[in-house]
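Enquirer: Below you'll find query-v1.cif; it's mmCIF, C-alpha atoms.
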data_entry
#
loop_
_atom_site.label_atom_id
_atom_site.label_comp_id
_atom_site.auth_asym_id
_atom_site.auth_seq_id
_atom_site.Cartn_x
_atom_site.Cartn_y
_atom_site.Cartn_z
CA ALA A 1391 13.03 -23.71 4.27
CA GLY A 1392 14.11 -25.29 7.50
CA ASP A 1393 12.33 -22.70 9.63
CA SER A 1394 11.66 -24.05 13.11
CA TYR A 1395 10.12 -20.97 14.71
CA THR A 1396 6.55 -21.74 15.73
CA SER A 1397 5.13 -18.45 16.92
CA ARG A 1398 5.24 -15.92 14.08
CA PRO A 1399 2.67 -13.12 13.72
CA LEU A 1400 0.19 -13.78 10.92
CA VAL A 1401 -0.83 -11.23 8.29
CA ILE A 1402 -3.90 -12.11 6.20
CA VAL A 1403 -4.01 -10.12 2.95
CA ALA A 1404 -7.15 -9.49 0.86
CA HIS A 1405 -6.93 -8.53 -2.83
CA GLY A 1406 -8.73 -5.73 -4.68
CA GLY A 1407 -11.07 -5.72 -7.67
CA PHE A 1408 -14.22 -3.77 -6.66
CA PHE A 1409 -15.78 -7.00 -5.37
CA LEU A 1410 -16.21 -8.08 -9.00
CA SER A 1411 -12.76 -9.43 -9.87
CA GLY A 1412 -9.30 -10.00 -8.47
CA SER A 1413 -7.57 -13.04 -7.06
CA LYS A 1414 -5.39 -14.25 -4.22
CA THR A 1415 -2.65 -14.65 -6.86
CA GLY A 1416 -2.94 -11.02 -8.04
CA PRO A 1417 -0.09 -8.50 -8.39
CA ASP A 1418 -1.59 -6.32 -5.67
CA VAL A 1419 -1.15 -8.99 -2.99
CA VAL A 1420 1.50 -11.61 -3.86
CA PRO A 1421 4.50 -9.23 -3.75
CA LEU A 1422 3.23 -7.87 -0.42
CA CYS A 1423 3.03 -11.38 1.00
CA GLU A 1424 6.51 -12.20 -0.27
CA SER A 1425 7.92 -9.07 1.38
CA LEU A 1426 6.10 -9.78 4.63
CA ALA A 1427 7.41 -13.36 4.66
CA LYS A 1428 10.98 -12.08 4.20
CA MET A 1429 10.40 -9.83 7.22
CA GLY A 1430 9.49 -12.83 9.36
CA TYR A 1431 5.71 -12.83 9.26
CA VAL A 1432 3.52 -15.67 8.10
CA ALA A 1433 1.70 -14.06 5.17
CA VAL A 1434 -1.48 -15.46 3.64
CA SER A 1435 -3.38 -14.25 0.58
CA ILE A 1436 -7.08 -15.11 0.70
CA GLU A 1437 -10.00 -15.13 -1.68
CA TYR A 1438 -13.51 -14.07 -0.75
CA ARG A 1439 -16.91 -14.12 -2.41
CA LEU A 1440 -17.21 -11.78 -5.37
CA GLY A 1441 -20.23 -10.32 -7.11
CA ILE A 1442 -22.44 -7.24 -6.96
CA ASN A 1443 -26.06 -7.22 -8.08
CA ILE A 1444 -25.90 -4.42 -10.66
CA THR A 1445 -29.11 -2.46 -10.15
CA ALA A 1446 -30.23 1.15 -10.51
CA ASP A 1447 -29.26 1.78 -6.87
CA LEU A 1448 -25.87 0.25 -6.12
CA SER A 1449 -25.62 1.37 -2.49
CA GLY A 1450 -27.27 -1.74 -1.05
CA PRO A 1451 -25.58 -4.33 -3.31
CA MET A 1452 -22.15 -2.74 -2.80
CA THR A 1453 -22.51 -2.74 0.98
CA GLU A 1454 -23.77 -6.32 0.88
CA ALA A 1455 -20.66 -7.29 -1.11
CA VAL A 1456 -18.48 -5.65 1.56
CA MET A 1457 -20.32 -7.57 4.27
CA ARG A 1458 -19.77 -10.89 2.49
CA GLY A 1459 -16.08 -10.03 2.27
CA VAL A 1460 -16.03 -9.22 5.98
CA GLN A 1461 -17.73 -12.53 6.80
CA ASP A 1462 -15.18 -14.44 4.70
CA GLY A 1463 -12.28 -12.51 6.23
CA LYS A 1464 -13.50 -13.37 9.71
CA ALA A 1465 -13.83 -17.02 8.68
CA ALA A 1466 -10.19 -16.93 7.54
CA VAL A 1467 -9.08 -15.61 10.92
CA ARG A 1468 -11.06 -18.33 12.66
CA TYR A 1469 -9.56 -20.95 10.31
CA PHE A 1470 -6.00 -20.16 11.35
CA ARG A 1471 -6.86 -20.25 15.03
CA LYS A 1472 -8.54 -23.59 14.34
CA THR A 1473 -5.33 -24.95 12.76
CA VAL A 1474 -3.44 -24.09 15.94
CA ALA A 1475 -5.99 -25.77 18.19
CA GLU A 1476 -6.81 -28.81 16.07
CA ASN A 1477 -3.95 -29.37 13.60
CA ASN A 1478 -0.78 -28.83 15.65
CA ASN A 1479 -0.14 -25.33 14.27
CA PRO A 1480 1.15 -26.32 10.79
CA HIS A 1481 1.94 -22.72 9.80
CA GLY A 1482 3.85 -21.82 12.95
CA ILE A 1483 1.72 -18.82 13.90
CA ASP A 1484 1.01 -16.98 17.12
CA PRO A 1485 -2.81 -17.05 17.36
CA ASN A 1486 -2.65 -13.95 19.55
CA GLN A 1487 -0.99 -11.91 16.80
CA ILE A 1488 -3.24 -11.84 13.73
CA TYR A 1489 -3.45 -8.85 11.42
CA ILE A 1490 -5.54 -8.01 8.33
CA ALA A 1491 -4.20 -6.12 5.33
CA GLY A 1492 -6.16 -5.24 2.22
CA SER A 1493 -5.66 -3.55 -1.13
CA SER A 1494 -8.55 -1.46 -2.53
CA ALA A 1495 -11.63 -3.67 -2.02
CA GLY A 1496 -9.47 -5.68 0.37
CA GLY A 1497 -8.89 -2.44 2.26
CA TYR A 1498 -12.66 -2.08 2.60
CA ILE A 1499 -12.71 -5.57 4.11
CA ALA A 1500 -9.91 -4.82 6.57
CA LEU A 1501 -11.48 -1.53 7.69
CA HIS A 1502 -14.94 -2.98 8.16
CA MET A 1503 -13.61 -6.07 9.95
CA ALA A 1504 -12.04 -3.74 12.50
CA TYR A 1505 -14.53 -0.90 12.83
CA LEU A 1506 -17.96 -2.19 11.83
CA ASP A 1507 -18.39 -3.99 15.13
CA SER A 1508 -22.08 -3.61 15.87
CA GLU A 1509 -25.03 -4.85 13.85
CA ALA A 1510 -26.77 -1.58 14.75
CA GLU A 1511 -24.22 0.18 12.53
CA ILE A 1512 -25.21 -1.80 9.43
CA PRO A 1513 -27.07 0.60 7.10
CA ALA A 1514 -30.84 0.08 7.04
CA TYR A 1515 -30.84 -0.33 3.26
CA VAL A 1516 -28.81 -3.55 3.52
CA ASN A 1517 -30.95 -6.65 3.08
CA GLN A 1518 -29.51 -8.92 5.75
CA SER A 1519 -31.90 -11.68 4.71
CA ALA A 1520 -30.37 -11.79 1.22
CA THR A 1521 -28.72 -15.03 0.14
CA GLY A 1522 -25.25 -15.34 1.62
CA LEU A 1523 -25.63 -12.69 4.30
CA ALA A 1524 -26.93 -14.85 7.14
CA GLY A 1525 -25.12 -14.85 10.44
CA GLY A 1526 -24.69 -11.11 10.91
CA LEU A 1527 -21.21 -9.67 11.06
CA GLU A 1528 -19.61 -13.03 11.86
CA GLY A 1529 -21.40 -14.77 9.00
CA GLU A 1530 -21.65 -18.47 8.28
CA SER A 1531 -18.51 -18.96 6.19
CA GLY A 1532 -17.10 -21.62 8.47
CA ASN A 1533 -14.78 -22.47 11.38
CA ALA A 1534 -17.30 -21.67 14.09
CA GLY A 1535 -16.22 -21.65 17.70
CA TYR A 1536 -13.04 -19.63 17.26
CA SER A 1537 -12.39 -15.93 17.68
CA SER A 1538 -12.26 -13.65 14.64
CA GLY A 1539 -10.54 -10.91 16.62
CA ILE A 1540 -7.59 -9.08 15.06
CA ASN A 1541 -4.76 -6.98 16.51
CA ALA A 1542 -4.50 -4.25 13.86
CA ILE A 1543 -5.11 -3.58 10.17
CA VAL A 1544 -3.37 -2.28 7.05
CA ASN A 1545 -5.57 -0.34 4.63
CA ILE A 1546 -4.13 0.29 1.16
CA CYS A 1547 -6.42 2.67 -0.75
CA GLY A 1548 -9.65 1.42 0.75
CA ALA A 1549 -12.48 3.27 2.50
CA ILE A 1550 -15.10 2.80 5.20
CA GLY A 1551 -18.84 3.40 5.11
CA ASP A 1552 -18.68 5.83 8.03
CA SER A 1553 -15.64 6.91 10.03
CA ALA A 1554 -18.00 7.60 12.96
CA TRP A 1555 -17.83 3.85 13.64
CA ILE A 1556 -14.24 4.29 14.84
CA SER A 1557 -13.87 4.75 18.60
CA THR A 1558 -11.07 5.17 21.11
CA ASP A 1559 -10.62 1.51 22.02
CA ASP A 1560 -10.53 0.26 18.41
CA GLU A 1561 -7.72 -1.58 16.66
CA PRO A 1562 -4.65 0.36 15.44
CA ALA A 1563 -4.22 0.95 11.72
CA LEU A 1564 -1.68 1.63 9.01
CA LEU A 1565 -3.28 3.74 6.27
CA LEU A 1566 -1.75 4.18 2.80
CA HIS A 1567 -3.40 6.24 0.07
CA GLY A 1568 -2.62 8.35 -3.00
CA THR A 1569 -3.89 11.93 -3.02
CA ASN A 1570 -5.03 11.62 -6.66
CA ASP A 1571 -6.89 8.33 -6.28
CA GLN A 1572 -9.53 8.23 -9.02
CA THR A 1573 -11.07 4.95 -7.85
CA VAL A 1574 -11.51 5.19 -4.06
CA PRO A 1575 -11.79 8.65 -2.48
CA PHE A 1576 -8.75 9.95 -0.59
CA GLY A 1577 -11.15 11.77 1.76
CA SER A 1578 -14.94 11.77 2.13
CA ALA A 1579 -16.73 11.59 -1.20
CA MET A 1580 -18.93 9.50 -3.46
CA GLN A 1581 -17.61 6.09 -4.48
CA TYR A 1582 -18.16 5.53 -8.20
CA ALA A 1583 -18.39 2.25 -10.09
CA PHE A 1584 -16.36 2.12 -13.29
CA GLY A 1585 -15.67 5.83 -12.82
CA VAL A 1586 -19.20 6.88 -13.80
CA ALA A 1587 -21.95 5.26 -11.71
CA PRO A 1588 -22.43 6.74 -8.21
CA VAL A 1589 -22.57 4.06 -5.53
CA VAL A 1590 -22.42 5.38 -1.96
CA GLU A 1591 -20.69 8.06 0.10
CA VAL A 1592 -17.58 6.70 1.84
CA ASP A 1593 -14.73 7.94 4.02
CA GLY A 1594 -11.27 7.33 2.58
CA SER A 1595 -7.95 7.21 4.40
CA ASN A 1596 -7.61 10.96 4.95
CA SER A 1597 -10.97 11.13 6.72
CA ILE A 1598 -10.16 7.98 8.68
CA ASN A 1599 -6.87 9.55 9.74
CA GLN A 1600 -8.69 12.66 10.96
CA LYS A 1601 -11.17 10.55 12.96
CA MET A 1602 -8.36 8.49 14.49
CA ASP A 1603 -6.56 11.69 15.48
CA GLU A 1604 -9.78 12.90 17.09
CA VAL A 1605 -10.46 9.78 19.15
CA THR A 1606 -6.76 8.92 19.67
CA VAL A 1607 -6.62 5.52 17.98
CA GLU A 1608 -3.01 4.49 17.38
CA HIS A 1609 -2.27 4.72 13.66
CA CYS A 1610 0.17 5.75 10.96
CA PHE A 1611 -0.87 7.53 7.74
CA LYS A 1612 1.41 7.25 4.70
CA ILE A 1613 0.42 9.71 1.96
CA PHE A 1614 1.51 9.17 -1.66
CA ASN A 1615 1.37 12.70 -3.06
CA GLY A 1616 -0.08 12.87 -6.57
CA ALA A 1617 -0.48 9.10 -6.80
CA ASP A 1618 -3.51 7.36 -8.27
CA HIS A 1619 -5.06 4.13 -7.02
CA VAL A 1620 -2.93 1.34 -5.45
CA PRO A 1621 0.45 2.93 -6.25
CA HIS A 1622 2.28 -0.09 -4.83
CA VAL A 1623 1.21 -2.05 -7.91
#
As a first step, turn the structure in this file into structure tokens.

Expert:
Amino acid sequence: AGDSYTSRPLVIVAHGGFFLSGSKTGPDVVPLCESLAKMGYVAVSIEYRLGINITADLSGPMTEAVMRGVQDGKAAVRYFRKTVAENNNPHGIDPNQIYIAGSSAGGYIALHMAYLDSEAEIPAYVNQSATGLAGGLEGESGNAGYSSGINAIVNICGAIGDSAWISTDDEPALLLHGTNDQTVPFGSAMQYAFGVAPVVEVDGSNSINQKMDEVTVEHCFKIFNGADHVPHV
């Protein structure tokens, strides 16, 4: 109330739910946004398209769901830059300081927004002509003409399709993960749906940390020893 500062860094937060459920009002994101706001950031919780085509082979549908989330996340970044340019900056943000944070599935979105930066890296089994996947990595979710670039990411218990996508000049990261995560692998392992159905091999925060050490990407890795999935909740 009464805040007159007009150039605060913006943190966009994406909820979890295995791309099947979850909400921008969920307990995995709202308290984070409240804490970030108290620290002086503008914090925004977003929704993104949900749904996975449950088939015998989940690797393609799961990756397609991640891509839709990435497209929607990028559209959100563009939206806030658009509000600065066209709507007199109603949220008082610095458009040159935009960050993405994500919990679980939201962590997948944050990681892939930062490090899946070439269409050549998209796995061949992904059907890019499927409904809702047009427009490549940028997508067609709106607010065209503005940059979707981000300064850094926060990954809470998410994973990436391949840590090899991370290179020296990539965005910095804060990684948080429990060593006993039974939902998203702490290291490199198979991602399971509902704890039983194998989906696709992924690289969790420990493997991402090792890759970032190797290529010298600025990052911080917070380990929650013995903790299961999303211990902040």

Enquirer: Of the candidates A:Val1467, A:Met1457, A:Ile1444, A:Ile1598, which one gets nearest to Leu1527 in chain A if we count only C-alpha atoms?

Expert: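 Among the listed residues, the smallest separation from Leu1527 in chain A belongs to A:Met1457.
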
Enquirer: Residue by residue, what does the PyMOL selection byres ((chain A and resi 1587) around 12) grab here? Present the result as a list in words.

Expert: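 Evaluating the PyMOL selection byres ((chain A and resi 1587) around 12) on these coordinates yields Ile1444, Thr1445, Ala1446, Asp1447, Leu1448, Ser1449, Met1452, Thr1573, Met1580, Gln1581, Tyr1582, Ala1583, Phe1584, Gly1585, Val1586, Pro1588, Val1589 and Val1590 of chain A.
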
Enquirer: For a quick check of understanding, using only C-alpha atoms, which of A:Ile1613, A:Ala1475, A:Leu1410, A:Ala1466 has the smallest distance to Ser1531 in chain A?

Expert: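 Smallest separation from Ser1531 in chain A among the options: A:Ala1466.
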
Enquirer: Nearest to Val1474 in chain A among A:Asn1615, A:Trp1555, A:Ser1397, A:Glu1511, with distances taken over all atoms listed in the file: which residue is it?

Expert: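 Of A:Asn1615, A:Trp1555, A:Ser1397, A:Glu1511, the one nearest Val1474 in chain A is A:Ser1397, counting all atoms listed in the file.
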
Enquirer: Pick the closest to Phe1611 in chain A from A:Gly1450, A:Asn1570, A:Pro1562, A:Ala1579: which is it, counting all atoms listed in the file?

Expert: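 Of A:Gly1450, A:Asn1570, A:Pro1562, A:Ala1579, the one nearest Phe1611 in chain A is A:Pro1562, counting all atoms listed in the file.
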
Enquirer: Rank A:Gly1525, A:Gly1459, A:Pro1480, A:Gly1539 by their smallest atom-to-atom distance to Gly1492 in chain A, using all atoms listed in the file, and report the top residue only.

Expert: A:Gly1459

Enquirer: Give as a ChimeraX atom specification every residue, naming chains and numbers as the document does, that has an atom within 9 Å of (3.4, 11.7, -7.5), counting all atoms listed in the file.

Expert: /A:1568-1570,1614-1618

Enquirer: How far is it from CA of Ile1556 in chain A to CA of His1609 in chain A, in Å with one decimal?

Expert: 12.0 Å

Enquirer: Using only C-alpha atoms, list the residues that have an atom at most 9 Å from (-15.4, -18.4, 9.2), coordinates as in the file, as a ChimeraX atom specification.

Expert: /A:1461-1469,1528-1534,1536,1538

Enquirer: Measuring between all atoms listed in the file, which one of A:Asp1507, A:Asp1393, A:Asp1552, A:Glu1437 shows the shortest distance to Gly1406 in chain A?

Expert: A:Glu1437
